[in-house]
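Below is the file run_23.txt, which contains compact mmCIF, C-alpha atoms.
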```txt
# COMPACT_ATOMS: atom_id res chain seq x y z
CA MET W 854 50.32 122.12 40.48
CA ARG W 855 50.46 120.93 44.15
CA ASP W 856 48.99 123.28 46.73
CA PRO W 857 51.89 124.55 48.98
CA ARG W 858 49.55 124.64 51.96
CA MET W 859 48.74 120.93 51.63
CA SER W 860 52.46 120.11 51.38
CA ALA W 861 53.19 121.98 54.62
CA ILE W 862 50.31 120.22 56.40
CA GLY W 863 51.60 116.85 55.24
CA LYS W 864 55.11 117.53 56.52
CA GLY W 865 53.70 118.66 59.86
CA LEU W 866 51.67 115.45 60.25
CA LYS W 867 54.72 113.29 59.44
CA ARG W 868 56.83 115.15 62.00
CA ARG W 869 54.13 114.77 64.64
CA GLY W 870 53.97 111.05 63.88
CA ARG W 871 57.73 110.64 64.36
CA LEU W 872 57.59 112.45 67.68
CA MET W 873 54.75 110.21 68.90
CA VAL W 874 56.70 107.07 67.95
CA GLN W 875 59.78 108.34 69.81
CA ALA W 876 57.70 109.13 72.88
CA VAL W 877 56.38 105.59 73.26
CA SER W 878 59.54 103.75 72.15
CA PRO W 879 62.23 102.61 74.68
CA PRO W 880 65.46 104.60 74.58
CA LYS W 881 68.10 103.35 72.18
CA ARG W 882 71.20 101.80 73.70
CA THR W 883 74.64 102.36 72.34
CA LEU W 884 77.24 99.63 72.40
CA ASN W 885 79.38 99.58 75.56
CA ALA W 886 77.04 102.05 77.25
CA MET W 887 77.51 102.22 81.00
CA PRO W 888 74.48 101.14 83.07
CA ALA W 889 72.68 103.83 84.99
CA GLN W 890 74.05 104.46 88.46
CA ARG W 891 72.00 102.53 91.00
CA PRO W 892 70.82 104.72 93.86
CA ALA W 893 72.35 103.99 97.23
CA GLN W 894 70.50 101.29 99.16
CA ASP W 895 68.52 102.48 102.15
CA ASP W 896 69.08 101.32 105.70
CA TYR W 897 66.80 98.30 105.34
CA VAL W 898 68.21 95.19 107.01
CA ALA W 899 66.58 91.94 105.98
CA PRO W 900 65.59 89.32 108.54
CA ARG W 901 67.63 86.14 108.58
CA ALA W 902 66.38 83.56 106.09
CA PRO W 903 66.27 79.86 107.05
CA ARG W 904 69.62 78.09 106.85
CA LEU W 905 70.24 74.68 105.32
CA VAL W 906 73.37 74.26 107.47
CA LYS W 907 72.39 75.20 111.02
CA SER W 908 75.71 74.95 112.84
CA PRO W 909 78.80 74.99 110.60
CA VAL W 910 82.25 75.01 112.16
CA PHE W 911 84.83 77.71 111.41
CA VAL W 912 88.52 77.50 112.20
CA LEU W 913 89.65 81.01 113.08
CA SER W 914 93.38 81.50 112.72
CA SER W 915 96.10 83.62 111.24
CA VAL W 916 97.74 82.58 108.01
CA ARG W 917 100.72 80.25 108.54
CA SER W 918 99.29 78.84 111.76
CA GLY W 919 98.75 75.19 110.87
CA SER W 920 95.13 75.40 109.71
CA THR W 921 95.74 73.04 106.79
CA LEU W 922 97.11 70.38 109.13
CA LEU W 923 94.07 70.78 111.35
CA ARG W 924 91.83 70.56 108.28
CA VAL W 925 93.21 67.23 107.07
CA LEU W 926 93.08 65.75 110.58
CA LEU W 927 89.42 66.71 110.87
CA ASN W 928 88.64 65.64 107.31
CA SER W 929 89.99 62.18 108.17
CA HIS W 930 87.02 61.72 110.53
CA SER W 931 84.09 59.68 109.17
CA ARG W 932 81.56 62.39 110.12
CA ILE W 933 83.51 65.60 109.46
CA ARG W 934 83.94 67.23 106.06
CA ALA W 935 86.73 69.80 106.03
CA PRO W 936 87.39 70.83 102.41
CA HIS W 937 90.05 73.17 101.08
CA GLU W 938 89.73 76.89 101.77
CA MET W 939 86.38 78.04 100.37
CA HIS W 940 86.86 81.82 100.60
CA LEU W 941 83.18 82.51 101.22
CA ARG W 942 83.83 86.17 101.92
CA THR W 943 84.86 86.68 98.29
CA LEU W 944 81.50 85.39 96.97
CA HIS W 945 79.33 88.43 96.31
CA VAL W 946 75.86 89.19 94.97
CA HIS W 947 75.52 92.06 92.48
CA LEU W 948 72.21 93.94 92.33
CA SER W 949 72.63 95.24 88.79
CA ARG W 950 69.50 97.36 88.19
CA GLU W 951 68.04 100.30 90.08
CA PHE W 952 64.89 98.37 90.92
CA THR W 953 66.58 95.11 92.03
CA ALA W 954 67.07 96.17 95.65
CA GLU W 955 63.39 97.12 95.92
CA ALA W 956 62.35 93.81 94.38
CA MET W 957 64.47 91.93 96.92
CA LYS W 958 63.19 94.10 99.76
CA ALA W 959 59.66 93.03 98.85
CA LEU W 960 60.89 89.45 99.41
CA GLU W 961 62.46 90.44 102.75
CA LEU W 962 65.98 90.13 101.37
CA ASP W 963 68.90 92.51 100.98
CA LYS W 964 72.39 92.18 99.48
CA ASP W 965 73.99 90.85 102.67
CA GLU W 966 71.29 88.29 103.28
CA LEU W 967 71.38 87.15 99.65
CA GLU W 968 75.11 86.55 100.10
CA HIS W 969 74.45 84.67 103.33
CA VAL W 970 71.96 82.43 101.51
CA LEU W 971 74.59 81.81 98.82
CA TRP W 972 77.26 80.95 101.40
CA ASP W 973 74.89 78.62 103.19
CA ARG W 974 73.99 76.88 99.95
CA VAL W 975 77.68 76.34 99.09
CA LEU W 976 78.27 74.69 102.47
CA HIS W 977 75.15 72.57 102.08
CA ILE W 978 76.16 71.34 98.62
CA GLU W 979 79.63 70.36 99.84
CA LEU W 980 78.27 68.66 102.95
CA SER W 981 75.63 66.74 100.96
CA ARG W 982 78.20 65.54 98.43
CA SER W 983 80.47 64.28 101.20
CA GLY W 984 77.79 62.17 102.89
CA LYS W 985 78.96 63.50 106.26
CA ASP W 986 77.05 65.63 108.77
CA VAL W 987 79.56 68.20 110.12
CA ILE W 988 81.27 70.76 107.89
CA VAL W 989 84.37 72.79 108.76
CA ASP W 990 85.68 75.82 106.87
CA LYS W 991 89.30 76.67 107.71
CA THR W 992 89.87 79.72 105.48
CA PRO W 993 92.13 82.04 107.55
CA PRO W 994 90.63 85.32 106.21
CA ASN W 995 87.32 84.24 107.76
CA THR W 996 88.96 85.47 110.96
CA LEU W 997 88.78 89.02 109.61
CA ILE W 998 84.99 88.81 109.16
CA TRP W 999 84.01 86.78 112.21
CA PRO W 1000 81.20 89.22 113.20
CA ARG W 1001 79.50 88.66 109.87
CA LEU W 1002 79.87 84.88 110.13
CA HIS W 1003 78.26 85.10 113.54
CA ARG W 1004 75.42 87.18 112.10
CA CYS W 1005 74.95 84.71 109.26
CA TRP W 1006 75.05 81.62 111.49
CA PRO W 1007 74.20 82.47 115.13
CA ASP W 1008 74.61 78.78 116.00
CA ALA W 1009 77.99 78.34 114.31
CA ARG W 1010 80.83 76.78 116.28
CA TYR W 1011 84.39 78.07 116.32
CA ILE W 1012 87.80 76.49 116.79
CA LEU W 1013 90.35 79.18 117.61
CA LEU W 1014 93.76 78.02 116.39
CA LEU W 1015 96.61 80.08 117.85
CA ARG W 1016 100.32 80.11 117.07
CA HIS W 1017 103.07 82.23 118.56
CA PRO W 1018 103.02 85.50 116.55
CA GLY W 1019 106.81 85.42 116.27
CA ALA W 1020 106.65 82.02 114.57
CA VAL W 1021 103.95 83.30 112.20
CA ILE W 1022 106.16 86.26 111.26
CA THR W 1023 109.10 83.94 110.59
CA SER W 1024 106.99 81.59 108.48
CA LEU W 1025 105.55 84.42 106.38
CA THR W 1026 109.00 85.92 105.90
CA GLN W 1027 110.40 82.61 104.68
CA ARG W 1028 107.43 81.96 102.37
CA ARG W 1029 107.50 85.27 100.48
CA THR W 1030 109.96 86.05 97.72
CA ASP W 1031 110.41 89.73 98.57
CA PRO W 1032 109.23 90.07 102.18
CA ASP W 1033 108.51 93.49 103.66
CA PRO W 1034 109.10 93.19 107.43
CA GLU W 1035 106.79 96.07 108.37
CA GLU W 1036 104.03 94.82 106.12
CA ILE W 1037 104.30 91.31 107.56
CA ARG W 1038 104.19 92.59 111.14
CA ALA W 1039 101.12 94.68 110.31
CA GLU W 1040 99.40 91.67 108.71
CA VAL W 1041 100.11 89.40 111.69
CA LEU W 1042 98.92 92.11 114.09
CA ASN W 1043 95.67 92.52 112.14
CA TYR W 1044 94.95 88.79 112.33
CA SER W 1045 95.95 88.67 115.99
CA GLU W 1046 93.63 91.54 116.93
CA LYS W 1047 90.71 89.81 115.24
CA LEU W 1048 91.57 86.52 116.93
CA GLU W 1049 91.58 88.24 120.30
CA GLU W 1050 88.22 89.89 119.52
CA ALA W 1051 86.77 86.49 118.68
CA ARG W 1052 88.27 84.94 121.79
CA GLN W 1053 86.65 87.60 123.94
CA ASN W 1054 83.26 87.68 122.23
CA LEU W 1055 82.49 84.17 120.98
CA ASP W 1056 82.08 80.80 122.63
CA VAL W 1057 85.22 79.26 121.12
CA HIS W 1058 87.26 76.10 121.55
CA VAL W 1059 90.89 77.29 121.80
CA ILE W 1060 93.86 75.19 120.70
CA THR W 1061 97.43 76.00 119.71
CA TYR W 1062 99.43 74.78 116.74
CA GLU W 1063 102.26 73.89 119.08
CA ASP W 1064 100.01 71.59 121.14
CA LEU W 1065 98.38 70.14 118.02
CA THR W 1066 101.73 68.91 116.70
CA ALA W 1067 103.12 67.85 120.08
CA GLU W 1068 100.00 66.07 121.39
CA PRO W 1069 97.72 65.47 118.39
CA GLU W 1070 95.61 62.79 120.06
CA THR W 1071 94.85 64.91 123.12
CA VAL W 1072 94.02 67.99 121.04
CA THR W 1073 91.85 66.16 118.49
CA ARG W 1074 90.02 64.35 121.28
CA GLY W 1075 89.17 67.74 122.76
CA ILE W 1076 87.92 69.00 119.40
CA CYS W 1077 85.76 65.92 118.89
CA ALA W 1078 84.21 66.39 122.34
CA TYR W 1079 83.47 70.03 121.46
CA LEU W 1080 81.83 68.99 118.17
CA GLY W 1081 79.88 66.15 119.74
CA VAL W 1082 81.45 63.31 117.74
CA ASP W 1083 83.44 60.29 118.85
CA TRP W 1084 87.20 60.48 118.45
CA GLU W 1085 88.66 58.20 115.75
CA PRO W 1086 92.31 57.00 115.69
CA GLY W 1087 92.34 57.28 111.90
CA MET W 1088 92.32 61.06 112.25
CA LEU W 1089 96.02 60.99 113.06
CA ASP W 1090 96.85 59.02 109.89
CA TYR W 1091 95.72 61.75 107.52
CA GLY W 1092 98.22 60.70 104.86
CA SER W 1093 96.21 57.58 104.11
CA LYS W 1094 93.11 59.64 103.16
CA ASP W 1095 92.21 61.68 100.10
CA HIS W 1096 92.04 65.39 100.94
CA GLY W 1097 92.12 66.80 97.42
CA ALA W 1098 94.95 68.76 95.85
CA PHE W 1099 97.37 70.77 97.97
CA ARG W 1100 97.92 73.96 95.99
CA PRO W 1101 98.24 77.74 96.41
CA GLN W 1102 95.15 79.75 97.41
CA LEU W 1103 93.49 76.61 98.77
CA GLY W 1104 95.72 76.10 101.81
CA ASP W 1105 99.26 74.99 102.58
CA TRP W 1106 101.00 73.11 99.77
CA SER W 1107 104.46 72.65 101.30
CA SER W 1108 106.38 69.39 101.49
CA THR W 1109 105.58 69.27 105.20
CA ILE W 1110 101.83 68.89 104.67
CA ARG W 1111 102.37 66.65 101.64
CA SER W 1112 104.42 64.24 103.76
CA GLY W 1113 101.24 62.84 105.29
CA ARG W 1114 102.82 62.96 108.76
CA ILE W 1115 102.32 65.29 111.70
CA GLN W 1116 105.58 67.12 112.23
CA SER W 1117 106.69 69.24 115.17
CA ALA W 1118 105.92 72.94 115.00
CA ARG W 1119 108.87 75.27 114.63
CA GLY W 1120 109.22 77.53 117.62
CA ALA W 1121 109.36 81.30 117.53
CA ASP W 1122 112.68 82.78 116.46
CA THR W 1123 114.13 84.53 119.50
CA GLU W 1124 115.69 87.12 117.18
CA VAL W 1125 112.28 88.26 115.95
CA GLU W 1126 111.33 91.34 117.94
CA LEU W 1127 107.58 91.67 118.38
CA PRO W 1128 105.86 95.06 118.41
CA PRO W 1129 104.52 95.85 121.92
CA ARG W 1130 100.91 94.98 121.09
CA LEU W 1131 101.85 91.64 119.52
CA ALA W 1132 103.97 90.80 122.56
CA GLU W 1133 101.00 91.66 124.75
CA LEU W 1134 98.69 89.38 122.79
CA ALA W 1135 101.23 86.55 122.78
CA GLU W 1136 101.43 86.75 126.55
CA ALA W 1137 97.62 86.82 126.84
CA TRP W 1138 97.51 83.58 124.82
CA GLY W 1139 99.90 81.85 127.20
CA TYR W 1140 103.14 82.25 125.29
CA PRO W 1141 106.23 83.32 127.24
CA ALA W 1142 106.97 87.02 127.15
CA GLY W 1143 110.05 88.29 125.34
```
For this file, write the structure as structure tokens.
Amino acid sequence: MRDPRMSAIGKGLKRRGRLMVQAVSPPKRTLNAMPAQRPAQDDYVAPRAPRLVKSPVFVLSSVRSGSTLLRVLLNSHSRIRAPHEMHLRTLHVHLSREFTAEAMKALELDKDELEHVLWDRVLHIELSRSGKDVIVDKTPPNTLIWPRLHRCWPDARYILLLRHPGAVITSLTQRRTDPDPEEIRAEVLNYSEKLEEARQNLDVHVITYEDLTAEPETVTRGICAYLGVDWEPGMLDYGSKDHGAFRPQLGDWSSTIRSGRIQSARGADTEVELPPRLAELAEAWGYPAG
């Protein structure tokens, strides 16, 4: 007959063995388990890493201000690559584990600087593929993050493209299927405030959409002088060049831009009443009051 004391000792040893195995084994994961919450990043700010593109060019403008026309005119130059809207600000880096931020900090990097390196690499790839030496990004929402662009590329150059706010409001209203007048005015005001901030704080080359369509040679000659390249007559014949597809989210896709011809800008609708601040900004930009 088995000794009860020996049986109890044996069970105790087995239990101790299971506990030791559990102690040294990694925790089991269940399917669809949520990752552990990453602790908030500290106030560390990484130094700027070297850039592959030293001095990119950004067109700062509101939506519906003629930036696609400007893009194709510039892209028609033998030295300037101006692709469709690249939306750099929507490219993000995700530090997915609790130790990732510390690992990057040891490399003198943080989330913002990792994103800057990514943005820079995207521009460099596009510029290298084109065989040109100047790259222009005309994405209008870049206007909303101009301080970060300036932090990313201290030597960047900026073309400030203005259009009468009343004309922008009219264009947005006509483009949208169910326009909300208050929402549109707020959107145009937001862009306009950021444009004015950039105008006051950056070394910018200012042009207007109205002048670009009325005197394209004069305006593009001024841009070329600002960028340090010779003006080329072929810039005005953008319809004879390949600029990629014109489609939503990548720029204007209307019949006007597809025509391949520079067409006169539509003026501001006199019936559109501007909020006081927008009227003030319009006047500051040289547009007639009222």
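Distance annotation: of W:Val1125, W:Ala1078, W:Leu997, W:Val906, the residue with the minimal separation from Pro1034 (chain W) is W:Val1125; atom set is all atoms listed in the file.
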(message) As an exercise, work out the distance from CA of Leu1065 (chain W) to CA of Glu1126 (chain W) in Å and give it to one decimal place.
(response) 24.8 Å
Using 8 Å as the limit and counting all atoms listed in the file, can you tabulate each residue of region 1026-1108 of chain W that touches region 938-961 of chain W, with its shortest atom-to-atom distance in Å and the two atoms involved, as CSV?
```
residue,atom,partner,partner_atom,distance
W:Gln1102,CA,W:Glu938,CA,7.5
W:Leu1103,CA,W:Glu938,CA,4.8
W:Gly1104,CA,W:Glu938,CA,6.0
```
(message) Just checking: using all atoms listed in the file, which residue out of W:His930, W:His1003, W:Lys907, W:Arg917 ends up closest to Leu1089 (chain W)?
(response) W:His930
(request) Compile the contact shell of Ala1009 (chain W) as an MDAnalysis selection string: residues with an atom at most 6 Å away, counting only C-alpha atoms, same-chain residues fewer than 4 positions apart removed. (result) chainID W and resid 908:910
Incomplete region 1100-1135 of chain W brought to N, CA and C atoms, written out as a JSON list (two decimals), in the frame of the given file:
```json
[["chain", "number", "residue", "atom", "x", "y", "z"],
["W", 1100, "ARG", "N", 97.40, 72.96, 96.92],
["W", 1100, "ARG", "CA", 97.92, 73.96, 95.99],
["W", 1100, "ARG", "C", 97.66, 75.38, 96.48],
["W", 1101, "PRO", "N", 98.38, 76.35, 95.94],
["W", 1101, "PRO", "CA", 98.24, 77.74, 96.41],
["W", 1101, "PRO", "C", 96.80, 78.22, 96.33],
["W", 1102, "GLN", "N", 96.47, 79.12, 97.26],
["W", 1102, "GLN", "CA", 95.15, 79.75, 97.41],
["W", 1102, "GLN", "C", 94.11, 78.84, 98.03],
["W", 1103, "LEU", "N", 94.44, 77.54, 98.17],
["W", 1103, "LEU", "CA", 93.49, 76.61, 98.77],
["W", 1103, "LEU", "C", 93.98, 76.08, 100.10],
["W", 1104, "GLY", "N", 95.13, 76.58, 100.57],
["W", 1104, "GLY", "CA", 95.72, 76.10, 101.81],
["W", 1104, "GLY", "C", 97.21, 75.90, 101.65],
["W", 1105, "ASP", "N", 97.83, 75.26, 102.63],
["W", 1105, "ASP", "CA", 99.26, 74.99, 102.58],
["W", 1105, "ASP", "C", 99.54, 73.93, 101.51],
["W", 1106, "TRP", "N", 100.63, 74.08, 100.79],
["W", 1106, "TRP", "CA", 101.00, 73.11, 99.77],
["W", 1106, "TRP", "C", 102.46, 72.68, 99.91],
["W", 1107, "SER", "N", 103.04, 72.93, 101.10],
["W", 1107, "SER", "CA", 104.46, 72.65, 101.30],
["W", 1107, "SER", "C", 104.72, 71.15, 101.40],
["W", 1108, "SER", "N", 105.99, 70.80, 101.36],
["W", 1108, "SER", "CA", 106.38, 69.39, 101.49],
["W", 1108, "SER", "C", 106.02, 68.84, 102.86],
["W", 1109, "THR", "N", 105.92, 69.72, 103.85],
["W", 1109, "THR", "CA", 105.58, 69.27, 105.20],
["W", 1109, "THR", "C", 104.18, 68.69, 105.23],
["W", 1110, "ILE", "N", 103.20, 69.39, 104.66],
["W", 1110, "ILE", "CA", 101.83, 68.89, 104.67],
["W", 1110, "ILE", "C", 101.68, 67.72, 103.70],
["W", 1111, "ARG", "N", 102.45, 67.73, 102.61],
["W", 1111, "ARG", "CA", 102.37, 66.65, 101.64],
["W", 1111, "ARG", "C", 102.97, 65.34, 102.17],
["W", 1112, "SER", "N", 103.77, 65.44, 103.22],
["W", 1112, "SER", "CA", 104.42, 64.24, 103.76],
["W", 1112, "SER", "C", 103.42, 63.24, 104.32],
["W", 1113, "GLY", "N", 102.24, 63.73, 104.71],
["W", 1113, "GLY", "CA", 101.24, 62.84, 105.29],
["W", 1113, "GLY", "C", 101.49, 62.52, 106.75],
["W", 1114, "ARG", "N", 102.48, 63.22, 107.36],
["W", 1114, "ARG", "CA", 102.82, 62.96, 108.76],
["W", 1114, "ARG", "C", 102.75, 64.26, 109.56],
["W", 1115, "ILE", "N", 102.33, 64.14, 110.80],
["W", 1115, "ILE", "CA", 102.32, 65.29, 111.70],
["W", 1115, "ILE", "C", 103.75, 65.56, 112.14],
["W", 1116, "GLN", "N", 104.22, 66.77, 111.89],
["W", 1116, "GLN", "CA", 105.58, 67.12, 112.23],
["W", 1116, "GLN", "C", 105.59, 68.25, 113.26],
["W", 1117, "SER", "N", 106.61, 68.27, 114.08],
["W", 1117, "SER", "CA", 106.69, 69.24, 115.17],
["W", 1117, "SER", "C", 106.68, 70.67, 114.64],
["W", 1118, "ALA", "N", 105.97, 71.52, 115.37],
["W", 1118, "ALA", "CA", 105.92, 72.94, 115.00],
["W", 1118, "ALA", "C", 107.26, 73.60, 115.27],
["W", 1119, "ARG", "N", 107.66, 74.49, 114.40],
["W", 1119, "ARG", "CA", 108.87, 75.27, 114.63],
["W", 1119, "ARG", "C", 108.55, 76.35, 115.65],
["W", 1120, "GLY", "N", 109.42, 76.52, 116.60],
["W", 1120, "GLY", "CA", 109.22, 77.53, 117.62],
["W", 1120, "GLY", "C", 109.47, 78.93, 117.10],
["W", 1121, "ALA", "N", 109.14, 79.91, 117.91],
["W", 1121, "ALA", "CA", 109.36, 81.30, 117.53],
["W", 1121, "ALA", "C", 110.86, 81.61, 117.53],
["W", 1122, "ASP", "N", 111.29, 82.36, 116.55],
["W", 1122, "ASP", "CA", 112.68, 82.78, 116.46],
["W", 1122, "ASP", "C", 112.93, 83.85, 117.52],
["W", 1123, "THR", "N", 113.86, 83.59, 118.40],
["W", 1123, "THR", "CA", 114.13, 84.53, 119.50],
["W", 1123, "THR", "C", 114.67, 85.86, 118.99],
["W", 1124, "GLU", "N", 115.16, 85.88, 117.74],
["W", 1124, "GLU", "CA", 115.69, 87.12, 117.18],
["W", 1124, "GLU", "C", 114.61, 88.02, 116.60],
["W", 1125, "VAL", "N", 113.39, 87.46, 116.47],
["W", 1125, "VAL", "CA", 112.28, 88.26, 115.95],
["W", 1125, "VAL", "C", 111.72, 89.11, 117.07],
["W", 1126, "GLU", "N", 111.83, 90.41, 116.92],
["W", 1126, "GLU", "CA", 111.33, 91.34, 117.94],
["W", 1126, "GLU", "C", 109.88, 91.68, 117.63],
["W", 1127, "LEU", "N", 109.00, 91.41, 118.58],
["W", 1127, "LEU", "CA", 107.58, 91.67, 118.38],
["W", 1127, "LEU", "C", 107.25, 93.11, 118.75],
["W", 1128, "PRO", "N", 106.38, 93.77, 117.98],
["W", 1128, "PRO", "CA", 105.86, 95.06, 118.41],
["W", 1128, "PRO", "C", 105.17, 94.91, 119.76],
["W", 1129, "PRO", "N", 105.09, 95.96, 120.57],
["W", 1129, "PRO", "CA", 104.52, 95.85, 121.92],
["W", 1129, "PRO", "C", 103.15, 95.20, 121.96],
["W", 1130, "ARG", "N", 102.26, 95.55, 121.05],
["W", 1130, "ARG", "CA", 100.91, 94.98, 121.09],
["W", 1130, "ARG", "C", 100.92, 93.49, 120.77],
["W", 1131, "LEU", "N", 101.75, 93.07, 119.82],
["W", 1131, "LEU", "CA", 101.85, 91.64, 119.52],
["W", 1131, "LEU", "C", 102.43, 90.88, 120.70],
["W", 1132, "ALA", "N", 103.40, 91.45, 121.37],
["W", 1132, "ALA", "CA", 103.97, 90.80, 122.56],
["W", 1132, "ALA", "C", 102.91, 90.67, 123.65],
["W", 1133, "GLU", "N", 102.08, 91.69, 123.76],
["W", 1133, "GLU", "CA", 101.00, 91.66, 124.75],
["W", 1133, "GLU", "C", 99.99, 90.56, 124.45],
["W", 1134, "LEU", "N", 99.64, 90.42, 123.18],
["W", 1134, "LEU", "CA", 98.69, 89.38, 122.79],
["W", 1134, "LEU", "C", 99.30, 88.00, 122.97],
["W", 1135, "ALA", "N", 100.56, 87.84, 122.61],
["W", 1135, "ALA", "CA", 101.23, 86.55, 122.78],
["W", 1135, "ALA", "C", 101.19, 86.12, 124.25]]
```
